[in-house]
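*Asks:* This is the structure I want to talk about, given as structure tokens.
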Amino acid sequence: MLTVDQARDIANVWRPKFTDEEAFATSWSRYMDMVKDQSPVSLVAWLETDQQRDAVRAAGIVHEPALPVRQADAWQDALQAAVDARPEPRHDCWKCGKFEDEPAGETCSNPHWHLPNVNSPALHAPDGWKHVA
């Protein structure tokens with residue numbers, strides 16, 4: 001059976017090993033509530049196990065930042081403005097490698113994919129081609 005003096009001595013030894021007083025008090029209370037045949041050996045084993053768990057918790061494994069549930073309207077407006085300010089992506093031609101907003105080179109076999117260049121003369125069909133009108 002555990003005596004008051006033994007319990008006090010064990011508590012004085014193990015209390016500083018825990019990260020805070022609350023963790024020690026929780027472990028102590030759980031032992032006193034759950035274990036019916038209390039002895040110095042079982043109390044030391046109990047506190048040793050709980051102290052190891054407490055050390056792991058204190059190492060930062062279970063601490064996670066609290067995430068906000070809803071962002072402020074100003075933050076959402078700033079985020080939307082940043083998304084709107086992004087430039088449109090430019091797509092390149094898979095045949096010649098030039099961008100779609102650049103005129104197709106003479107070697108490009110896919111000139112219809114490129115946007116028309118207003119500075120270049122109108123395209124005409126090569127000799128021998130028939131026009132469908």
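Identifiers for the structure tokens are assigned positionally: chains receive A, B, ... in sequence, residues are indexed from 1 per chain, and ligands are indexed from 1 in the order shown.
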Quick one: everything within 10 Å of A:Thr3, counting only C-alpha atoms, minus sequence neighbours fewer than 4 positions away in the same chain. Send it as a list in words.

*Replies:*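 Near A:Thr3, the qualifying residues are Ala7, Arg8, Gln38, Ser39 and Pro40 of chain A.
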
*Asks:* Which residues are near stretch 9-11 of chain A? Cut-off 12 Å, only C-alpha atoms, ignore same chain within fewer than 5 positions. Put them as a compact mmCIF listing (two decimals) with N, CA, C and O atoms, in the first residue's frame.

*Replies:*
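As written to disk, around_13.txt reads:
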# COMPACT_ATOMS: atom_id res chain seq x y z
N LEU A 2 0.45 2.27 -0.64
CA LEU A 2 1.19 3.52 -0.79
C LEU A 2 0.91 4.41 0.43
O LEU A 2 -0.24 4.68 0.75
N THR A 3 1.96 4.87 1.08
CA THR A 3 1.78 5.77 2.23
C THR A 3 1.87 7.21 1.77
O THR A 3 2.34 7.52 0.66
N VAL A 4 1.47 8.13 2.63
CA VAL A 4 1.49 9.56 2.31
C VAL A 4 2.92 10.04 2.10
O VAL A 4 3.20 10.82 1.17
N PRO A 16 9.10 17.80 -11.31
CA PRO A 16 9.94 18.62 -12.19
C PRO A 16 10.22 17.99 -13.55
O PRO A 16 10.60 18.69 -14.49
N LYS A 17 10.02 16.70 -13.69
CA LYS A 17 10.31 16.03 -14.96
C LYS A 17 9.23 16.27 -16.01
O LYS A 17 9.48 16.10 -17.20
N PHE A 18 8.05 16.67 -15.58
CA PHE A 18 6.96 16.97 -16.51
C PHE A 18 7.13 18.38 -17.04
O PHE A 18 7.75 19.23 -16.40
N GLU A 21 2.90 21.78 -14.61
CA GLU A 21 2.23 21.25 -13.42
C GLU A 21 0.92 20.55 -13.78
O GLU A 21 0.56 19.55 -13.17
N PHE A 24 1.47 16.94 -14.89
CA PHE A 24 1.74 16.08 -13.74
C PHE A 24 0.46 15.82 -12.95
O PHE A 24 0.18 14.69 -12.56
N ALA A 25 -0.32 16.86 -12.73
CA ALA A 25 -1.56 16.71 -11.96
C ALA A 25 -2.54 15.77 -12.66
O ALA A 25 -3.22 14.96 -12.00
N SER A 27 -1.76 13.28 -14.73
CA SER A 27 -1.24 11.92 -14.59
C SER A 27 -1.47 11.40 -13.18
O SER A 27 -1.89 10.25 -12.99
N TRP A 28 -1.20 12.23 -12.19
CA TRP A 28 -1.37 11.84 -10.79
C TRP A 28 -2.84 11.49 -10.50
O TRP A 28 -3.14 10.47 -9.89
N SER A 29 -3.76 12.32 -10.98
CA SER A 29 -5.19 12.08 -10.74
C SER A 29 -5.66 10.81 -11.43
O SER A 29 -6.45 10.05 -10.87
N SER A 39 0.85 1.12 -5.24
CA SER A 39 2.13 0.83 -4.61
C SER A 39 3.17 1.80 -5.17
O SER A 39 2.98 2.37 -6.24
N PRO A 40 4.27 1.99 -4.46
CA PRO A 40 5.30 2.90 -4.96
C PRO A 40 5.86 2.46 -6.32
O PRO A 40 6.12 3.30 -7.18
N VAL A 41 6.01 1.17 -6.53
CA VAL A 41 6.55 0.67 -7.79
C VAL A 41 5.60 0.96 -8.95
O VAL A 41 6.01 1.44 -10.02
N SER A 42 4.32 0.71 -8.76
CA SER A 42 3.35 0.95 -9.84
C SER A 42 3.18 2.45 -10.09
O SER A 42 3.00 2.87 -11.24
N LEU A 43 3.26 3.27 -9.04
CA LEU A 43 3.15 4.72 -9.22
C LEU A 43 4.34 5.25 -10.02
O LEU A 43 4.17 6.06 -10.94
N VAL A 44 5.53 4.80 -9.72
CA VAL A 44 6.72 5.23 -10.47
C VAL A 44 6.62 4.79 -11.93
O VAL A 44 6.92 5.56 -12.85
N ALA A 45 6.18 3.55 -12.17
CA ALA A 45 6.03 3.07 -13.54
C ALA A 45 4.98 3.89 -14.29
O ALA A 45 5.17 4.24 -15.46
N TRP A 46 3.89 4.21 -13.63
CA TRP A 46 2.83 5.02 -14.24
C TRP A 46 3.35 6.40 -14.60
O TRP A 46 3.15 6.89 -15.72
N LEU A 47 4.03 7.05 -13.65
CA LEU A 47 4.54 8.40 -13.90
C LEU A 47 5.63 8.39 -14.96
O LEU A 47 5.73 9.33 -15.76
N GLU A 48 6.43 7.35 -15.00
CA GLU A 48 7.47 7.26 -16.02
C GLU A 48 6.85 7.17 -17.42
O GLU A 48 7.28 7.86 -18.36

*Asks:* Check chain A with DSSP on the backbone and list each residue it calls helix (DSSP H, G or I), as JSON, numbers by chain.

*Replies:* {"A": [4, 5, 6, 7, 8, 9, 10, 11, 12, 13, 14, 15, 16, 17, 21, 22, 23, 24, 25, 26, 27, 28, 29, 30, 31, 32, 33, 34, 40, 41, 42, 43, 44, 45, 46, 47, 48, 49, 50, 51, 52, 53, 54, 55, 56, 57, 58, 59, 60, 61, 73, 74, 75, 76, 77, 78, 79, 80, 81, 82, 83, 84, 85, 111, 112, 113]}
